[in-house]
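To keep things clear, I will list the structure first and then write my remarks on it.
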Amino acid sequence: MADIHVEEFYKDAAIALVQLYGAFPRRINLFVEDIAGPDEPDEFGLHSKRHMACFGALLWLSEEGLLRYIDTIRQEALDQAVLTRDAFIRLSSPAPQALARELGVPEEEGSASSLPPSVKEDLSTHIHLIRTALRSGNSARISQIMRTTFFADRGIY
């Protein structure tokens with residue numbers, strides 16, 4: 001089992017990427033509270049470790065070339081964030097078939113066979129699997145699809 005901070009990282013990254021994909025190609029402000037939940041700074045104005053971990057995850061996504069932003073809004077948000085070309089392509093591309101089947105994409109039987117090819121393709125994309133995993137609330141599924149999304153080109157997952 002992964003460390004809890006790694007599972008939280010995967011969930012934070014998944015939520016951020018879904019938000020950015022949903023707004024693409026518009027630039028949006030990406031607020032930490034919308035991803036990690038509300039946070040009350042302490043008497044010194046410092047945020048919780050959870051808040052800072054989420055903010056760090058957003059900065060990491062940028063450093064790894066998955067998103068761009070104009071500036072930070074204190075430690076509250078990324079200003080004018082947008083997916084990079086590489087992230088958009090990765091999220092829009094089909095995930096490995098074995099993973100898509102495992103995470104609930106309909107098989108070629110029954111009602112699924114009546115789906116148009118374009119719908120079947122949409123149901124197997126990384127972004128669809130990320131959304132499905134987030135809706136399930138299952139940390140292991142979220143971690144699994146995020147590892148595949150991040151590392152599929154390296155054969156690591």
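Ordering of the structure tokens sets the chain letters (A, B, ...); residue numbers start at 1 within each chain; ligands are numbered from 1 in the order shown.
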To test your reading of the structure, identify every residue in chain A that backbone DSSP assigns to strand (DSSP E), and report it as a list in words.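 DSSP on the backbone gives strand (DSSP E) at Ile28, Asn29, Leu30, Phe31, Leu67, Arg68, Asp71, Thr72, Ile73, Ala77, Leu78, Asp79, Gln80, Ala81, Val82 and Leu83 of chain A.
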Next, the residues of the selection above should be written as a tab-separated table (two decimals), in the first residue's frame with N, CA and C atoms.
```tsv
chain	number	residue	atom	x	y	z
A	28	ILE	N	-7.60	29.08	-16.50
A	28	ILE	CA	-8.41	29.23	-15.30
A	28	ILE	C	-7.52	29.41	-14.09
A	29	ASN	N	-8.12	29.93	-13.02
A	29	ASN	CA	-7.43	29.97	-11.75
A	29	ASN	C	-7.68	28.64	-11.07
A	30	LEU	N	-6.63	27.99	-10.64
A	30	LEU	CA	-6.70	26.67	-10.03
A	30	LEU	C	-6.48	26.83	-8.53
A	31	PHE	N	-7.58	26.77	-7.76
A	31	PHE	CA	-7.53	27.03	-6.32
A	31	PHE	C	-7.27	25.75	-5.53
A	67	LEU	N	1.26	21.37	-16.97
A	67	LEU	CA	0.45	22.59	-17.00
A	67	LEU	C	1.36	23.80	-17.01
A	68	ARG	N	0.78	24.91	-17.45
A	68	ARG	CA	1.46	26.21	-17.42
A	68	ARG	C	0.59	27.16	-16.63
A	71	ASP	N	1.17	33.00	-12.82
A	71	ASP	CA	1.73	33.36	-11.52
A	71	ASP	C	1.01	32.57	-10.44
A	72	THR	N	1.53	32.63	-9.22
A	72	THR	CA	0.80	32.06	-8.10
A	72	THR	C	0.02	33.17	-7.42
A	73	ILE	N	-1.09	32.82	-6.81
A	73	ILE	CA	-1.85	33.75	-5.98
A	73	ILE	C	-1.54	33.32	-4.56
A	77	ALA	N	-3.49	29.56	-4.99
A	77	ALA	CA	-3.92	29.15	-6.33
A	77	ALA	C	-2.83	29.40	-7.36
A	78	LEU	N	-3.05	28.79	-8.53
A	78	LEU	CA	-2.24	29.11	-9.71
A	78	LEU	C	-3.11	30.01	-10.58
A	79	ASP	N	-2.56	31.13	-10.99
A	79	ASP	CA	-3.28	32.11	-11.80
A	79	ASP	C	-3.13	31.79	-13.28
A	80	GLN	N	-4.25	31.72	-13.98
A	80	GLN	CA	-4.27	31.52	-15.43
A	80	GLN	C	-3.58	30.22	-15.85
A	81	ALA	N	-4.00	29.12	-15.23
A	81	ALA	CA	-3.41	27.81	-15.52
A	81	ALA	C	-4.08	27.18	-16.74
A	82	VAL	N	-3.32	26.41	-17.51
A	82	VAL	CA	-3.83	25.70	-18.68
A	82	VAL	C	-2.98	24.44	-18.89
A	83	LEU	N	-3.60	23.41	-19.43
A	83	LEU	CA	-2.85	22.20	-19.76
A	83	LEU	C	-1.83	22.49	-20.86
```
Compile a residue-level contact table for region 22-101 of chain A against region 2-14 of chain A at a cut-off of 8 Å, reporting for every qualifying residue the shortest atom pair and its distance in Å to one decimal, with only C-alpha atoms counted, rows ordered by chain and ascending number, as JSON lines.
```
{"residue": "A:Ile35", "atom": "CA", "partner": "A:Asp12", "partner_atom": "CA", "distance": 6.0}
{"residue": "A:Ala36", "atom": "CA", "partner": "A:Asp12", "partner_atom": "CA", "distance": 6.7}
{"residue": "A:Ala53", "atom": "CA", "partner": "A:Phe9", "partner_atom": "CA", "distance": 7.4}
{"residue": "A:Cys54", "atom": "CA", "partner": "A:Asp12", "partner_atom": "CA", "distance": 6.1}
{"residue": "A:Ala57", "atom": "CA", "partner": "A:Phe9", "partner_atom": "CA", "distance": 6.2}
{"residue": "A:Leu58", "atom": "CA", "partner": "A:Ala13", "partner_atom": "CA", "distance": 7.0}
{"residue": "A:Leu61", "atom": "CA", "partner": "A:Ala13", "partner_atom": "CA", "distance": 7.4}
```
Take the residues from that selection and write them out as an mmCIF file, in the first residue's frame, keeping N, CA, C and O atoms.
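Saved to out-v4.cif:
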```cif
data_model
loop_
_atom_site.group_PDB
_atom_site.id
_atom_site.type_symbol
_atom_site.label_atom_id
_atom_site.label_comp_id
_atom_site.auth_asym_id
_atom_site.auth_seq_id
_atom_site.Cartn_x
_atom_site.Cartn_y
_atom_site.Cartn_z
ATOM 1 N N ILE A 35 -9.494 21.805 -4.570
ATOM 2 C CA ILE A 35 -8.912 20.476 -4.768
ATOM 3 C C ILE A 35 -8.780 19.729 -3.437
ATOM 4 O O ILE A 35 -9.239 18.595 -3.312
ATOM 5 N N ALA A 36 -8.174 20.367 -2.442
ATOM 6 C CA ALA A 36 -7.873 19.693 -1.170
ATOM 7 C C ALA A 36 -8.885 19.991 -0.075
ATOM 8 O O ALA A 36 -8.811 19.404 0.997
ATOM 9 N N ALA A 53 0.802 20.496 0.688
ATOM 10 C CA ALA A 53 1.077 19.333 -0.157
ATOM 11 C C ALA A 53 0.323 19.457 -1.482
ATOM 12 O O ALA A 53 0.880 19.158 -2.545
ATOM 13 N N CYS A 54 -0.911 19.905 -1.416
ATOM 14 C CA CYS A 54 -1.688 20.092 -2.646
ATOM 15 C C CYS A 54 -1.064 21.194 -3.503
ATOM 16 O O CYS A 54 -0.923 21.031 -4.719
ATOM 17 N N ALA A 57 1.816 19.820 -5.186
ATOM 18 C CA ALA A 57 1.442 18.938 -6.301
ATOM 19 C C ALA A 57 1.165 19.768 -7.554
ATOM 20 O O ALA A 57 1.566 19.383 -8.661
ATOM 21 N N LEU A 58 0.501 20.905 -7.395
ATOM 22 C CA LEU A 58 0.224 21.774 -8.547
ATOM 23 C C LEU A 58 1.523 22.309 -9.143
ATOM 24 O O LEU A 58 1.684 22.330 -10.372
ATOM 25 N N LEU A 61 3.204 19.521 -11.089
ATOM 26 C CA LEU A 61 2.593 19.310 -12.404
ATOM 27 C C LEU A 61 3.156 20.313 -13.413
ATOM 28 O O LEU A 61 3.410 19.972 -14.569
#
```
CA of Thr125 (chain A) and CA of Ala95 (chain A) are how many Å apart?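 CA of Ala95 (chain A) lies 5.4 Å from CA of Thr125 (chain A).
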Report as a compact mmCIF listing (two decimals) with all heavy atoms, in the first residue's frame all protein, DNA and RNA residues lying within 8 Å of region 141-145 of chain A, evaluated on only C-alpha atoms, omitting residues in the same chain fewer than 3 positions from it.
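result_11.txt, written as the output of this step:
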```
# COMPACT_ATOMS: atom_id res chain seq x y z
N GLU A 7 -0.89 8.87 -2.09
CA GLU A 7 -2.28 8.73 -2.54
C GLU A 7 -2.97 10.08 -2.64
O GLU A 7 -3.72 10.34 -3.58
CB GLU A 7 -3.05 7.78 -1.61
CG GLU A 7 -2.62 6.34 -1.78
CD GLU A 7 -3.43 5.37 -0.93
OE1 GLU A 7 -4.28 5.81 -0.14
OE2 GLU A 7 -3.20 4.16 -1.07
N TYR A 10 -1.75 11.80 -5.82
CA TYR A 10 -2.43 11.30 -7.01
C TYR A 10 -3.85 11.87 -7.12
O TYR A 10 -4.29 12.25 -8.19
CB TYR A 10 -2.47 9.77 -7.03
CG TYR A 10 -1.17 9.12 -7.42
CD1 TYR A 10 -0.66 8.08 -6.67
CD2 TYR A 10 -0.44 9.54 -8.54
CE1 TYR A 10 0.54 7.45 -7.03
CE2 TYR A 10 0.75 8.93 -8.89
CZ TYR A 10 1.24 7.89 -8.14
OH TYR A 10 2.41 7.29 -8.50
N LYS A 11 -4.55 11.93 -6.01
CA LYS A 11 -5.91 12.47 -6.04
C LYS A 11 -5.90 13.96 -6.37
O LYS A 11 -6.69 14.42 -7.20
CB LYS A 11 -6.61 12.23 -4.70
CG LYS A 11 -8.06 12.69 -4.71
CD LYS A 11 -8.76 12.36 -3.42
CE LYS A 11 -10.21 12.85 -3.49
NZ LYS A 11 -10.90 12.65 -2.21
N ALA A 14 -5.11 14.37 -10.00
CA ALA A 14 -6.25 13.95 -10.82
C ALA A 14 -7.31 15.04 -10.86
O ALA A 14 -7.81 15.38 -11.94
CB ALA A 14 -6.85 12.65 -10.26
N LEU A 99 -6.18 -1.98 -18.75
CA LEU A 99 -6.59 -1.08 -17.68
C LEU A 99 -8.01 -0.57 -17.89
O LEU A 99 -8.80 -0.50 -16.95
CB LEU A 99 -5.62 0.11 -17.58
CG LEU A 99 -5.92 1.09 -16.46
CD1 LEU A 99 -5.73 0.43 -15.10
CD2 LEU A 99 -5.01 2.30 -16.57
N LEU A 103 -11.02 -1.14 -15.24
CA LEU A 103 -11.68 -0.02 -14.57
C LEU A 103 -13.10 0.21 -15.05
O LEU A 103 -13.70 1.25 -14.77
CB LEU A 103 -10.85 1.26 -14.72
CG LEU A 103 -9.49 1.21 -14.03
CD1 LEU A 103 -8.74 2.52 -14.23
CD2 LEU A 103 -9.63 0.90 -12.55
N HIS A 126 -7.66 8.33 -21.06
CA HIS A 126 -7.14 8.55 -19.71
C HIS A 126 -8.05 9.46 -18.91
O HIS A 126 -8.32 9.19 -17.74
CB HIS A 126 -5.72 9.15 -19.78
CG HIS A 126 -4.67 8.18 -20.17
ND1 HIS A 126 -4.03 7.37 -19.26
CD2 HIS A 126 -4.14 7.87 -21.37
CE1 HIS A 126 -3.15 6.62 -19.88
NE2 HIS A 126 -3.20 6.90 -21.17
N LEU A 129 -11.11 7.65 -17.62
CA LEU A 129 -10.77 6.74 -16.54
C LEU A 129 -10.45 7.49 -15.25
O LEU A 129 -10.79 7.03 -14.15
CB LEU A 129 -9.62 5.83 -16.94
CG LEU A 129 -9.91 4.87 -18.10
CD1 LEU A 129 -8.68 4.03 -18.42
CD2 LEU A 129 -11.11 3.99 -17.81
N ILE A 130 -9.81 8.65 -15.37
CA ILE A 130 -9.52 9.46 -14.18
C ILE A 130 -10.84 9.93 -13.56
O ILE A 130 -11.03 9.83 -12.35
CB ILE A 130 -8.62 10.66 -14.53
CG1 ILE A 130 -7.22 10.17 -14.91
CG2 ILE A 130 -8.55 11.64 -13.37
CD1 ILE A 130 -6.33 11.25 -15.53
N ALA A 133 -12.51 7.02 -11.83
CA ALA A 133 -11.82 6.67 -10.58
C ALA A 133 -12.14 7.70 -9.49
O ALA A 133 -12.37 7.31 -8.33
CB ALA A 133 -10.31 6.59 -10.82
N LEU A 134 -12.17 8.98 -9.84
CA LEU A 134 -12.50 10.01 -8.84
C LEU A 134 -13.93 9.82 -8.32
O LEU A 134 -14.18 9.95 -7.12
CB LEU A 134 -12.33 11.41 -9.42
CG LEU A 134 -10.89 11.89 -9.58
CD1 LEU A 134 -10.84 13.20 -10.36
CD2 LEU A 134 -10.22 12.05 -8.21
N GLY A 137 -14.15 7.16 -5.72
CA GLY A 137 -13.55 7.47 -4.43
C GLY A 137 -12.54 6.44 -3.97
O GLY A 137 -12.02 6.53 -2.86
N ASN A 138 -12.22 5.48 -4.81
CA ASN A 138 -11.30 4.41 -4.47
C ASN A 138 -9.86 4.88 -4.68
O ASN A 138 -9.41 5.06 -5.81
CB ASN A 138 -11.63 3.19 -5.34
CG ASN A 138 -10.79 1.99 -5.01
OD1 ASN A 138 -9.59 2.10 -4.79
ND2 ASN A 138 -11.41 0.82 -5.02
N THR A 148 -0.52 5.17 -14.44
CA THR A 148 -0.55 4.84 -15.86
C THR A 148 -0.50 6.12 -16.70
O THR A 148 0.23 6.19 -17.68
CB THR A 148 -1.82 4.05 -16.21
OG1 THR A 148 -1.83 2.86 -15.42
CG2 THR A 148 -1.85 3.67 -17.67
N THR A 149 -1.26 7.12 -16.31
CA THR A 149 -1.28 8.38 -17.06
C THR A 149 0.09 9.05 -17.04
O THR A 149 0.57 9.53 -18.06
CB THR A 149 -2.35 9.33 -16.47
OG1 THR A 149 -3.63 8.69 -16.56
CG2 THR A 149 -2.40 10.64 -17.23
N TYR A 157 4.29 1.05 -14.37
CA TYR A 157 3.02 1.21 -13.66
C TYR A 157 2.63 -0.10 -13.13
O TYR A 157 2.15 -0.44 -12.23
CB TYR A 157 1.90 1.82 -14.52
CG TYR A 157 1.71 1.24 -15.87
CD1 TYR A 157 0.89 0.15 -16.05
CD2 TYR A 157 2.36 1.78 -16.98
CE1 TYR A 157 0.72 -0.38 -17.31
CE2 TYR A 157 2.17 1.26 -18.22
CZ TYR A 157 1.36 0.17 -18.39
OH TYR A 157 1.20 -0.35 -19.62
```
For the helix (DSSP H, G or I) assignment from backbone DSSP, which residues of region 5-137 of chain A qualify? Please present them as an mmCIF file with N, CA and C atoms, in the first residue's frame.
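Here's the written file part24.cif:
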```
data_model
loop_
_atom_site.group_PDB
_atom_site.id
_atom_site.type_symbol
_atom_site.label_atom_id
_atom_site.label_comp_id
_atom_site.auth_asym_id
_atom_site.auth_seq_id
_atom_site.Cartn_x
_atom_site.Cartn_y
_atom_site.Cartn_z
ATOM 1 N N HIS A 5 0.453 10.193 1.800
ATOM 2 C CA HIS A 5 0.761 11.440 1.102
ATOM 3 C C HIS A 5 0.884 11.221 -0.409
ATOM 4 N N VAL A 6 1.293 10.029 -0.825
ATOM 5 C CA VAL A 6 1.384 9.729 -2.254
ATOM 6 C C VAL A 6 -0.021 9.550 -2.832
ATOM 7 N N GLU A 7 -0.890 8.873 -2.087
ATOM 8 C CA GLU A 7 -2.277 8.728 -2.541
ATOM 9 C C GLU A 7 -2.965 10.079 -2.640
ATOM 10 N N GLU A 8 -2.714 10.959 -1.670
ATOM 11 C CA GLU A 8 -3.279 12.311 -1.731
ATOM 12 C C GLU A 8 -2.723 13.080 -2.926
ATOM 13 N N PHE A 9 -1.437 12.896 -3.202
ATOM 14 C CA PHE A 9 -0.834 13.539 -4.372
ATOM 15 C C PHE A 9 -1.554 13.105 -5.644
ATOM 16 N N TYR A 10 -1.754 11.798 -5.818
ATOM 17 C CA TYR A 10 -2.432 11.301 -7.014
ATOM 18 C C TYR A 10 -3.848 11.866 -7.122
ATOM 19 N N LYS A 11 -4.549 11.927 -6.012
ATOM 20 C CA LYS A 11 -5.915 12.467 -6.037
ATOM 21 C C LYS A 11 -5.899 13.962 -6.374
ATOM 22 N N ASP A 12 -5.008 14.719 -5.755
ATOM 23 C CA ASP A 12 -4.896 16.155 -6.046
ATOM 24 C C ASP A 12 -4.563 16.393 -7.515
ATOM 25 N N ALA A 13 -3.604 15.630 -8.023
ATOM 26 C CA ALA A 13 -3.207 15.770 -9.430
ATOM 27 C C ALA A 13 -4.372 15.415 -10.346
ATOM 28 N N ALA A 14 -5.106 14.365 -10.005
ATOM 29 C CA ALA A 14 -6.251 13.946 -10.819
ATOM 30 C C ALA A 14 -7.315 15.036 -10.862
ATOM 31 N N ILE A 15 -7.653 15.594 -9.716
ATOM 32 C CA ILE A 15 -8.673 16.647 -9.663
ATOM 33 C C ILE A 15 -8.222 17.861 -10.470
ATOM 34 N N ALA A 16 -6.972 18.252 -10.310
ATOM 35 C CA ALA A 16 -6.449 19.417 -11.038
ATOM 36 C C ALA A 16 -6.498 19.180 -12.549
ATOM 37 N N LEU A 17 -6.076 18.003 -12.986
ATOM 38 C CA LEU A 17 -6.070 17.713 -14.425
ATOM 39 C C LEU A 17 -7.488 17.663 -14.989
ATOM 40 N N VAL A 18 -8.427 17.118 -14.230
ATOM 41 C CA VAL A 18 -9.825 17.090 -14.675
ATOM 42 C C VAL A 18 -10.368 18.517 -14.798
ATOM 43 N N GLN A 19 -10.066 19.364 -13.826
ATOM 44 C CA GLN A 19 -10.519 20.757 -13.899
ATOM 45 C C GLN A 19 -9.932 21.467 -15.122
ATOM 46 N N LEU A 20 -8.649 21.276 -15.351
ATOM 47 C CA LEU A 20 -7.992 21.931 -16.478
ATOM 48 C C LEU A 20 -8.494 21.379 -17.813
ATOM 49 N N TYR A 21 -8.717 20.079 -17.884
ATOM 50 C CA TYR A 21 -9.221 19.463 -19.115
ATOM 51 C C TYR A 21 -10.629 19.979 -19.415
ATOM 52 N N GLY A 22 -11.434 20.120 -18.378
ATOM 53 C CA GLY A 22 -12.801 20.608 -18.555
ATOM 54 C C GLY A 22 -12.872 22.043 -19.040
ATOM 55 N N ALA A 23 -11.839 22.804 -18.793
ATOM 56 C CA ALA A 23 -11.816 24.202 -19.218
ATOM 57 C C ALA A 23 -10.994 24.423 -20.489
ATOM 58 N N VAL A 32 -6.334 25.817 -4.594
ATOM 59 C CA VAL A 32 -6.002 24.682 -3.746
ATOM 60 C C VAL A 32 -7.233 24.221 -2.969
ATOM 61 N N GLU A 33 -8.027 25.144 -2.441
ATOM 62 C CA GLU A 33 -9.211 24.777 -1.657
ATOM 63 C C GLU A 33 -10.228 23.986 -2.477
ATOM 64 N N ASP A 34 -10.313 24.244 -3.783
ATOM 65 C CA ASP A 34 -11.227 23.489 -4.639
ATOM 66 C C ASP A 34 -10.756 22.046 -4.825
ATOM 67 N N ILE A 35 -9.494 21.805 -4.570
ATOM 68 C CA ILE A 35 -8.912 20.476 -4.768
ATOM 69 C C ILE A 35 -8.780 19.729 -3.437
ATOM 70 N N ALA A 36 -8.174 20.367 -2.442
ATOM 71 C CA ALA A 36 -7.873 19.693 -1.170
ATOM 72 C C ALA A 36 -8.885 19.991 -0.075
ATOM 73 N N LYS A 49 -0.283 21.327 6.510
ATOM 74 C CA LYS A 49 0.580 20.476 5.678
ATOM 75 C C LYS A 49 -0.211 19.949 4.481
ATOM 76 N N ARG A 50 -1.479 19.627 4.699
ATOM 77 C CA ARG A 50 -2.322 19.105 3.610
ATOM 78 C C ARG A 50 -2.476 20.138 2.498
ATOM 79 N N HIS A 51 -2.752 21.379 2.876
ATOM 80 C CA HIS A 51 -2.894 22.463 1.901
ATOM 81 C C HIS A 51 -1.590 22.646 1.123
ATOM 82 N N MET A 52 -0.471 22.665 1.845
ATOM 83 C CA MET A 52 0.819 22.884 1.204
ATOM 84 C C MET A 52 1.216 21.708 0.317
ATOM 85 N N ALA A 53 0.802 20.496 0.688
ATOM 86 C CA ALA A 53 1.077 19.333 -0.157
ATOM 87 C C ALA A 53 0.323 19.457 -1.482
ATOM 88 N N CYS A 54 -0.911 19.905 -1.416
ATOM 89 C CA CYS A 54 -1.688 20.092 -2.646
ATOM 90 C C CYS A 54 -1.064 21.194 -3.503
ATOM 91 N N PHE A 55 -0.692 22.299 -2.883
ATOM 92 C CA PHE A 55 -0.042 23.385 -3.617
ATOM 93 C C PHE A 55 1.243 22.870 -4.257
ATOM 94 N N GLY A 56 1.987 22.067 -3.526
ATOM 95 C CA GLY A 56 3.210 21.470 -4.064
ATOM 96 C C GLY A 56 2.925 20.552 -5.249
ATOM 97 N N ALA A 57 1.816 19.820 -5.186
ATOM 98 C CA ALA A 57 1.442 18.938 -6.301
ATOM 99 C C ALA A 57 1.165 19.768 -7.554
ATOM 100 N N LEU A 58 0.501 20.905 -7.395
ATOM 101 C CA LEU A 58 0.224 21.774 -8.547
ATOM 102 C C LEU A 58 1.523 22.309 -9.143
ATOM 103 N N LEU A 59 2.439 22.717 -8.288
ATOM 104 C CA LEU A 59 3.728 23.205 -8.778
ATOM 105 C C LEU A 59 4.497 22.087 -9.475
ATOM 106 N N TRP A 60 4.428 20.870 -8.934
ATOM 107 C CA TRP A 60 5.091 19.721 -9.548
ATOM 108 C C TRP A 60 4.529 19.458 -10.935
ATOM 109 N N LEU A 61 3.204 19.521 -11.089
ATOM 110 C CA LEU A 61 2.593 19.310 -12.404
ATOM 111 C C LEU A 61 3.156 20.313 -13.413
ATOM 112 N N SER A 62 3.380 21.530 -12.964
ATOM 113 C CA SER A 62 3.961 22.542 -13.843
ATOM 114 C C SER A 62 5.426 22.223 -14.155
ATOM 115 N N GLU A 63 6.182 21.889 -13.126
ATOM 116 C CA GLU A 63 7.601 21.583 -13.322
ATOM 117 C C GLU A 63 7.803 20.390 -14.254
ATOM 118 N N ARG A 85 0.340 21.114 -24.180
ATOM 119 C CA ARG A 85 0.002 20.270 -25.336
ATOM 120 C C ARG A 85 0.191 18.793 -24.997
ATOM 121 N N ASP A 86 1.331 18.469 -24.384
ATOM 122 C CA ASP A 86 1.618 17.074 -24.048
ATOM 123 C C ASP A 86 0.590 16.495 -23.077
ATOM 124 N N ALA A 87 0.176 17.281 -22.091
ATOM 125 C CA ALA A 87 -0.821 16.803 -21.133
ATOM 126 C C ALA A 87 -2.168 16.598 -21.811
ATOM 127 N N PHE A 88 -2.542 17.524 -22.690
ATOM 128 C CA PHE A 88 -3.817 17.383 -23.395
ATOM 129 C C PHE A 88 -3.817 16.118 -24.260
ATOM 130 N N ILE A 89 -2.733 15.892 -24.960
ATOM 131 C CA ILE A 89 -2.628 14.693 -25.803
ATOM 132 C C ILE A 89 -2.694 13.439 -24.934
ATOM 133 N N ARG A 90 -1.954 13.418 -23.827
ATOM 134 C CA ARG A 90 -1.944 12.243 -22.949
ATOM 135 C C ARG A 90 -3.337 11.972 -22.392
ATOM 136 N N LEU A 91 -4.007 12.989 -21.897
ATOM 137 C CA LEU A 91 -5.332 12.800 -21.306
ATOM 138 C C LEU A 91 -6.375 12.380 -22.336
ATOM 139 N N SER A 92 -6.224 12.842 -23.566
ATOM 140 C CA SER A 92 -7.181 12.529 -24.632
ATOM 141 C C SER A 92 -6.925 11.174 -25.274
ATOM 142 N N GLN A 97 -5.653 -1.092 -23.025
ATOM 143 C CA GLN A 97 -6.933 -1.811 -23.031
ATOM 144 C C GLN A 97 -7.157 -2.614 -21.760
ATOM 145 N N ALA A 98 -6.128 -3.235 -21.242
ATOM 146 C CA ALA A 98 -6.277 -4.042 -20.022
ATOM 147 C C ALA A 98 -6.748 -3.169 -18.856
ATOM 148 N N LEU A 99 -6.185 -1.980 -18.750
ATOM 149 C CA LEU A 99 -6.585 -1.076 -17.676
ATOM 150 C C LEU A 99 -8.008 -0.572 -17.893
ATOM 151 N N ALA A 100 -8.336 -0.231 -19.134
ATOM 152 C CA ALA A 100 -9.687 0.239 -19.439
ATOM 153 C C ALA A 100 -10.721 -0.829 -19.084
ATOM 154 N N ARG A 101 -10.433 -2.081 -19.407
ATOM 155 C CA ARG A 101 -11.354 -3.183 -19.061
ATOM 156 C C ARG A 101 -11.453 -3.335 -17.545
ATOM 157 N N GLU A 102 -10.318 -3.269 -16.878
ATOM 158 C CA GLU A 102 -10.283 -3.450 -15.425
ATOM 159 C C GLU A 102 -11.067 -2.356 -14.696
ATOM 160 N N GLY A 110 -23.409 -7.159 -25.315
ATOM 161 C CA GLY A 110 -24.647 -6.495 -24.925
ATOM 162 C C GLY A 110 -24.747 -5.083 -25.446
ATOM 163 N N SER A 111 -25.093 -4.172 -24.563
ATOM 164 C CA SER A 111 -25.342 -2.787 -24.962
ATOM 165 C C SER A 111 -24.082 -2.082 -25.440
ATOM 166 N N ALA A 112 -22.913 -2.524 -24.969
ATOM 167 C CA ALA A 112 -21.668 -1.872 -25.374
ATOM 168 C C ALA A 112 -21.405 -2.045 -26.858
ATOM 169 N N SER A 113 -21.821 -3.172 -27.431
ATOM 170 C CA SER A 113 -21.550 -3.396 -28.848
ATOM 171 C C SER A 113 -22.362 -2.444 -29.725
ATOM 172 N N SER A 114 -23.411 -1.853 -29.176
ATOM 173 C CA SER A 114 -24.220 -0.919 -29.950
ATOM 174 C C SER A 114 -23.674 0.512 -29.885
ATOM 175 N N PRO A 117 -18.205 3.719 -32.456
ATOM 176 C CA PRO A 117 -16.755 3.641 -32.185
ATOM 177 C C PRO A 117 -16.210 4.880 -31.483
ATOM 178 N N SER A 118 -16.712 6.062 -31.824
ATOM 179 C CA SER A 118 -16.202 7.285 -31.182
ATOM 180 C C SER A 118 -16.524 7.310 -29.691
ATOM 181 N N VAL A 119 -17.687 6.787 -29.307
ATOM 182 C CA VAL A 119 -18.056 6.735 -27.892
ATOM 183 C C VAL A 119 -17.185 5.719 -27.170
ATOM 184 N N LYS A 120 -16.974 4.567 -27.783
ATOM 185 C CA LYS A 120 -16.102 3.543 -27.187
ATOM 186 C C LYS A 120 -14.702 4.113 -26.964
ATOM 187 N N GLU A 121 -14.226 4.875 -27.946
ATOM 188 C CA GLU A 121 -12.892 5.473 -27.820
ATOM 189 C C GLU A 121 -12.861 6.475 -26.672
ATOM 190 N N ASP A 122 -13.905 7.329 -26.573
ATOM 191 C CA ASP A 122 -13.972 8.301 -25.480
ATOM 192 C C ASP A 122 -13.981 7.615 -24.120
ATOM 193 N N LEU A 123 -14.652 6.491 -24.006
ATOM 194 C CA LEU A 123 -14.750 5.773 -22.738
ATOM 195 C C LEU A 123 -13.432 5.129 -22.323
ATOM 196 N N HIS A 126 -7.663 8.327 -21.060
ATOM 197 C CA HIS A 126 -7.135 8.546 -19.715
ATOM 198 C C HIS A 126 -8.052 9.459 -18.913
ATOM 199 N N ILE A 127 -8.543 10.550 -19.524
ATOM 200 C CA ILE A 127 -9.363 11.500 -18.770
ATOM 201 C C ILE A 127 -10.662 10.854 -18.309
ATOM 202 N N HIS A 128 -11.266 10.004 -19.142
ATOM 203 C CA HIS A 128 -12.495 9.330 -18.722
ATOM 204 C C HIS A 128 -12.216 8.386 -17.550
ATOM 205 N N LEU A 129 -11.113 7.654 -17.621
ATOM 206 C CA LEU A 129 -10.773 6.738 -16.535
ATOM 207 C C LEU A 129 -10.446 7.487 -15.247
ATOM 208 N N ILE A 130 -9.810 8.648 -15.374
ATOM 209 C CA ILE A 130 -9.523 9.464 -14.184
ATOM 210 C C ILE A 130 -10.837 9.931 -13.559
ATOM 211 N N ARG A 131 -11.750 10.437 -14.381
ATOM 212 C CA ARG A 131 -13.053 10.888 -13.859
ATOM 213 C C ARG A 131 -13.793 9.739 -13.186
ATOM 214 N N THR A 132 -13.774 8.573 -13.811
ATOM 215 C CA THR A 132 -14.453 7.402 -13.249
ATOM 216 C C THR A 132 -13.830 7.010 -11.904
ATOM 217 N N ALA A 133 -12.508 7.019 -11.830
ATOM 218 C CA ALA A 133 -11.819 6.674 -10.584
ATOM 219 C C ALA A 133 -12.136 7.696 -9.492
ATOM 220 N N LEU A 134 -12.171 8.983 -9.840
ATOM 221 C CA LEU A 134 -12.504 10.006 -8.843
ATOM 222 C C LEU A 134 -13.926 9.821 -8.324
ATOM 223 N N ARG A 135 -14.859 9.521 -9.224
ATOM 224 C CA ARG A 135 -16.248 9.299 -8.793
ATOM 225 C C ARG A 135 -16.350 8.100 -7.858
ATOM 226 N N SER A 136 -15.527 7.090 -8.089
ATOM 227 C CA SER A 136 -15.573 5.888 -7.248
ATOM 228 C C SER A 136 -15.052 6.183 -5.845
#
```
Mind giving me the straight-line distance from CA of Gly37 (chain A) to CA of Gly65 (chain A) in Å, one decimal?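 So the two atoms, CA of Gly37 (chain A) and CA of Gly65 (chain A), lie 24.9 Å apart.
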Which residue gives the smallest distance to Leu46 (chain A) among A:Ala140, A:Glu76, A:Phe24, A:Leu66, with only C-alpha atoms counted? A:Glu76
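Distance annotation: of A:Ser93, A:Ser124, A:Arg26, A:Glu43, the residue with the minimal separation from Tyr69 (chain A) is A:Arg26; atom set is only C-alpha atoms.
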One decimal, in Å: what's the spacing between CA of His47 (chain A) and CA of Gln75 (chain A)?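 Calculated distance between CA of His47 (chain A) and CA of Gln75 (chain A) is 8.3 Å.
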